[in-house]
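Peer 1: Once you've had a glance at the structure underneath, I'll fire off some questions.
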Amino acid sequence: MNKKNLLSYFNNASSKDWKDWRWQMNNRVRKTETLHQLFGKNLPDKDNLNKLNSIYPVNVSPYYLSLINDNVFEDPVGIQCLPQAQEITAFQEYPHDPLEEENHMPSPKIINRYPDRCLALVTENCATYCRHCNRKRLWAQPAGINFKKRLQHIARYLGASEQIREVIISGGDPLIYDDDKIEMILACFKAIPHVEILRIGSRSPVVMPMRITRKLCRLLKRYRPLWFNTQFNHASEITPDAARACNMLLETGIPVSNQSVLLKGVNDSPQAMRDLLFGLQKISVRPYYLFHCEPARGCGHFRTDMKSSIKLMQDIRRECSGLALPQYVADMPGDLGKIPLLALAEQPKDSLSKHQYFFDNFD
Ligand SMILES: *Cc1c(COP(=O)(O)O)cnc(C)c1O
Ligand code: SF4
């Protein structure tokens, strides 16, 4: 959207404010009235918007809003951050928790589905809520635990689980915390003798790139080997600000990889996918995974047809540098984990038949 109009909405915030991640956090758009003022008739009507907001709250940083160009639901950024009626009308048969994560929580705020690595959910909060988020069930729930208690629970589990060599610091988005809290998290996990590797999963470089500061990079540098995974889903998100944020991490010695979600209307055309992958390669961010969109409740309208998506990625594989090619996977419940779909297309999938709803009409 027109940044000038947007700034006037925020009382003509200065460019110093705009570049300050705290200003971005404090001015996240969370009210449906604000969305109506900014985007008017393009959105669902007021009643529907309020209903949507009560189930899946609205939450978008001013920076990410400023990337919306066209008609909001034809714009790859608008589609990802603005609420649509289908979230609560379509595909209600899908489960809230398709990966059965809640059966794999041996301790509060830990998801452990693999022997050697696990997720530490350090927050449920994000700089921007993505409408396709597979954990959107958590947005409207109170966290039920304060920061210190949360960290204690996680540390106790990790300390007692000697098979875990890698901790994925996730959420939510861990970078919503200030540097002091991030340092507490990193120091706490690093102090566990058998934890060899830390990984941060954060969408901040995409939705609030000003969060990546020199000071944060100096802090992160002290906790290497530290790997950073983010989530660009469309080339229009690779702005100079986002590229600078990734470059700062890379220059710090922190490898940056990308986990995209395949989203209908965002990146499911050959052109959009190529532009995304080549765009990432050009900023030295390694495409790591492309997730088939999960059958999570509230996300059904983002799901693409699996058969044509496999064809899309097979075509792209032929004409794309291996360095720009992510592994296209479907994440499956429990310890089945992430299944590479191009390999699956060439093999029988008997063992997966009880999870048929993951594949819809794919055979
Ligand atoms: C995806 C995931 C991981 C990480 O898997 P990688 O293949 O190493 O990226 C770890 N734990 C859980 C619960 C996951 O969902
Ligand atoms: S940043 Fe990640 S956890 Fe947060 S809403 Fe987006 S996909 Fe979900």
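By convention in this document, the chains of the structure tokens carry letters A, B, ... by their order, each chain's residues are numbered from 1, and ligands are numbered from 1 in the order they are shown.
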Any residue with an atom at most 6 Å from ligand 2 counts, using only C-alpha atoms and all ligand atoms. Which are they? Put them as a ChimeraX atom specification.
Peer 2: /A:126,129-130,133,135,171-173,203
Peer 1: Just the selected residues (all heavy atoms), exported as a compact mmCIF listing (two decimals), in the first residue's frame, please.
Peer 2:
```txt
# COMPACT_ATOMS: atom_id res chain seq x y z
N CYS A 126 4.12 -13.20 17.58
CA CYS A 126 4.88 -12.99 16.34
C CYS A 126 4.82 -11.52 15.96
O CYS A 126 3.89 -10.81 16.33
CB CYS A 126 4.27 -13.80 15.19
SG CYS A 126 4.22 -15.55 15.52
N TYR A 129 1.13 -12.06 12.24
CA TYR A 129 0.52 -13.39 12.13
C TYR A 129 0.25 -13.72 10.67
O TYR A 129 -0.42 -12.95 9.96
CB TYR A 129 -0.79 -13.46 12.91
CG TYR A 129 -0.63 -13.59 14.41
CD1 TYR A 129 -1.64 -13.15 15.26
CD2 TYR A 129 0.49 -14.19 14.98
CE1 TYR A 129 -1.52 -13.28 16.64
CE2 TYR A 129 0.61 -14.32 16.35
CZ TYR A 129 -0.39 -13.86 17.18
OH TYR A 129 -0.27 -13.99 18.53
N CYS A 130 0.78 -14.87 10.23
CA CYS A 130 0.57 -15.32 8.85
C CYS A 130 -0.73 -16.11 8.82
O CYS A 130 -0.90 -17.05 9.61
CB CYS A 130 1.72 -16.22 8.41
SG CYS A 130 3.33 -15.59 8.93
N CYS A 133 -0.60 -19.90 8.93
CA CYS A 133 0.22 -20.52 9.98
C CYS A 133 -0.41 -21.84 10.47
O CYS A 133 -1.58 -21.88 10.83
CB CYS A 133 0.34 -19.57 11.16
SG CYS A 133 1.26 -20.27 12.54
N ARG A 135 0.19 -23.20 13.21
CA ARG A 135 -0.04 -23.15 14.66
C ARG A 135 -0.98 -22.00 15.03
O ARG A 135 -0.93 -21.48 16.14
CB ARG A 135 1.28 -23.01 15.43
CG ARG A 135 2.11 -24.26 15.35
CD ARG A 135 3.19 -24.37 16.42
NE ARG A 135 4.10 -25.41 15.97
CZ ARG A 135 5.35 -25.20 15.56
NH1 ARG A 135 5.88 -24.01 15.64
NH2 ARG A 135 6.07 -26.21 15.11
N GLY A 171 8.50 -20.94 17.91
CA GLY A 171 7.35 -20.35 18.60
C GLY A 171 6.10 -20.50 17.76
O GLY A 171 5.84 -21.57 17.23
N GLY A 172 5.44 -19.36 17.49
CA GLY A 172 5.82 -17.97 17.61
C GLY A 172 7.18 -17.63 16.98
O GLY A 172 7.79 -18.44 16.33
N ASP A 173 7.55 -16.38 17.18
CA ASP A 173 8.81 -15.87 16.64
C ASP A 173 9.71 -15.42 17.80
O ASP A 173 9.41 -14.43 18.47
CB ASP A 173 8.52 -14.69 15.70
CG ASP A 173 9.77 -14.20 14.98
OD1 ASP A 173 10.90 -14.45 15.48
OD2 ASP A 173 9.63 -13.55 13.93
N ARG A 203 10.54 -15.44 11.44
CA ARG A 203 10.14 -14.77 10.22
C ARG A 203 10.45 -13.28 10.26
O ARG A 203 10.09 -12.53 9.34
CB ARG A 203 8.64 -15.01 9.96
CG ARG A 203 8.37 -15.11 8.49
CD ARG A 203 6.96 -15.28 8.03
NE ARG A 203 6.97 -15.19 6.57
CZ ARG A 203 5.95 -14.91 5.80
NH1 ARG A 203 4.77 -14.74 6.34
NH2 ARG A 203 6.08 -14.83 4.50
```
Peer 1: Give me the residues within 8 Å of Tyr94 of chain A as a count of residues only, counting only C-alpha atoms and dropping any in the same chain fewer than 6 places off.
Peer 2: 4
Peer 1: Could you give me, as JSON, numbers by chain, every polymer residue with an atom at most 6 Å away from an atom of ligand 1, counting only C-alpha atoms and all ligand atoms?
Peer 2: {"A": [111, 112, 113, 117, 118, 119]}
Peer 1: State, in Å with one decimal place, the distance from atom CA of Arg222 of chain A to atom CA of Ile168 of chain A.
Peer 2: 16.9 Å
Peer 1: When you look at segment 280-294 of chain A with a cut-off of 7 Å (counting only C-alpha atoms), what residues show up, excluding the ones that are within fewer than 6 positions of it in the same chain? I need them as a list of chain:residue names.
Peer 2: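 Everything that qualifies: A:Asn134, A:Ala243, A:Val256, A:Ser257, A:Asn258, A:Gln259, A:Ser260, A:Val261, A:Leu262, A:Leu263, A:Phe302, A:Arg303, A:Leu323, A:Ala324, A:Leu325, A:Pro326, A:Gln327, A:Tyr328, A:Val329, A:Ala330.
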Peer 1: To one decimal place in Å, what is the distance between atom CA of Asp305 of chain A and atom CA of Leu52 of chain A?
Peer 2: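 It comes out at 25.5 Å.
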Peer 1: Figure out the distance between atom CA of Ala245 of chain A and atom CA of Thr34 of chain A, please, to one decimal in Å.
Peer 2: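 Spanning atom CA of Thr34 of chain A to atom CA of Ala245 of chain A is a straight-line distance of 28.2 Å.
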Peer 1: Between A:His132, A:Leu6, A:Lys19, A:Pro333, which residue has the minimum interatomic distance to Asp97 of chain A, considering only C-alpha atoms?
Peer 2: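 Once distances to Asp97 of chain A are computed over only C-alpha atoms, the minimum belongs to A:Pro333.
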Peer 1: If you run DSSP on the backbone, which residues of segment 88-290 of chain A are strand (DSSP E or B), as a VMD selection string?
Peer 2: chain A and resid 110 to 111 117 to 121 166 to 170 197 to 201 226 to 230 256 to 262 286 to 290
Peer 1: Selection from above, N, CA and C atoms, as a compact mmCIF listing (two decimals), in the first residue's frame, can you write it?
Peer 2:
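Dumped everything to again_15.txt:
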```txt
# COMPACT_ATOMS: atom_id res chain seq x y z
N ILE A 110 7.62 -27.86 24.64
CA ILE A 110 8.60 -28.64 23.87
C ILE A 110 7.83 -29.52 22.90
N ILE A 111 8.24 -29.52 21.63
CA ILE A 111 7.71 -30.52 20.69
C ILE A 111 8.87 -31.40 20.26
N ARG A 117 16.66 -34.07 17.85
CA ARG A 117 16.43 -32.62 17.83
C ARG A 117 14.99 -32.33 18.20
N CYS A 118 14.78 -31.17 18.77
CA CYS A 118 13.41 -30.84 19.17
C CYS A 118 13.17 -29.33 19.05
N LEU A 119 11.90 -28.98 19.12
CA LEU A 119 11.51 -27.58 19.07
C LEU A 119 11.29 -27.06 20.48
N ALA A 120 11.83 -25.89 20.76
CA ALA A 120 11.53 -25.19 22.00
C ALA A 120 10.63 -24.02 21.64
N LEU A 121 9.39 -24.04 22.14
CA LEU A 121 8.44 -22.96 21.82
C LEU A 121 8.63 -21.85 22.85
N GLU A 166 20.45 -30.97 19.02
CA GLU A 166 20.11 -29.71 18.36
C GLU A 166 18.79 -29.19 18.89
N VAL A 167 18.78 -27.90 19.24
CA VAL A 167 17.55 -27.29 19.73
C VAL A 167 17.11 -26.21 18.74
N ILE A 168 15.87 -26.31 18.31
CA ILE A 168 15.31 -25.34 17.37
C ILE A 168 14.47 -24.36 18.18
N ILE A 169 14.96 -23.13 18.23
CA ILE A 169 14.30 -22.10 19.04
C ILE A 169 13.20 -21.50 18.18
N SER A 170 11.96 -21.79 18.58
CA SER A 170 10.84 -21.51 17.69
C SER A 170 9.68 -20.91 18.47
N ILE A 197 24.19 -27.80 18.83
CA ILE A 197 23.78 -26.88 17.77
C ILE A 197 22.51 -26.14 18.19
N LEU A 198 22.49 -24.83 17.91
CA LEU A 198 21.27 -24.06 18.10
C LEU A 198 20.76 -23.61 16.74
N ARG A 199 19.44 -23.57 16.61
CA ARG A 199 18.83 -23.08 15.38
C ARG A 199 17.71 -22.12 15.77
N ILE A 200 17.68 -20.97 15.12
CA ILE A 200 16.57 -20.03 15.37
C ILE A 200 15.63 -20.09 14.17
N GLY A 201 14.35 -20.27 14.43
CA GLY A 201 13.34 -20.16 13.38
C GLY A 201 12.59 -18.86 13.58
N LEU A 226 25.33 -21.53 15.21
CA LEU A 226 23.94 -21.11 15.27
C LEU A 226 23.44 -21.00 13.83
N TRP A 227 22.34 -21.65 13.57
CA TRP A 227 21.77 -21.64 12.22
C TRP A 227 20.47 -20.86 12.27
N PHE A 228 20.16 -20.19 11.17
CA PHE A 228 18.98 -19.32 11.16
C PHE A 228 18.08 -19.71 10.00
N ASN A 229 16.84 -20.06 10.30
CA ASN A 229 15.87 -20.36 9.24
C ASN A 229 14.76 -19.34 9.25
N THR A 230 14.47 -18.81 8.04
CA THR A 230 13.38 -17.86 7.94
C THR A 230 12.36 -18.32 6.93
N VAL A 256 21.98 -18.58 6.69
CA VAL A 256 20.53 -18.29 6.65
C VAL A 256 19.88 -19.19 5.59
N SER A 257 18.91 -19.96 6.01
CA SER A 257 18.16 -20.83 5.09
C SER A 257 16.71 -20.41 5.10
N ASN A 258 15.98 -20.93 4.11
CA ASN A 258 14.58 -20.52 3.98
C ASN A 258 13.64 -21.71 3.93
N GLN A 259 12.55 -21.61 4.67
CA GLN A 259 11.49 -22.61 4.62
C GLN A 259 10.24 -21.93 4.10
N SER A 260 9.88 -22.19 2.86
CA SER A 260 8.65 -21.60 2.30
C SER A 260 7.49 -22.55 2.52
N VAL A 261 6.30 -21.99 2.43
CA VAL A 261 5.10 -22.81 2.35
C VAL A 261 4.51 -22.59 0.96
N LEU A 262 4.11 -23.68 0.33
CA LEU A 262 3.48 -23.57 -0.99
C LEU A 262 2.04 -23.09 -0.79
N ARG A 286 19.77 -19.83 1.43
CA ARG A 286 19.63 -21.15 0.84
C ARG A 286 18.20 -21.68 0.97
N PRO A 287 17.50 -21.93 -0.14
CA PRO A 287 16.20 -22.59 -0.03
C PRO A 287 16.37 -23.98 0.56
N TYR A 288 15.68 -24.24 1.66
CA TYR A 288 15.89 -25.47 2.44
C TYR A 288 14.68 -26.39 2.28
N TYR A 289 13.53 -25.95 2.75
CA TYR A 289 12.30 -26.73 2.54
C TYR A 289 11.26 -25.89 1.81
N LEU A 290 10.44 -26.59 1.01
CA LEU A 290 9.17 -26.03 0.55
C LEU A 290 8.10 -26.96 1.13
```
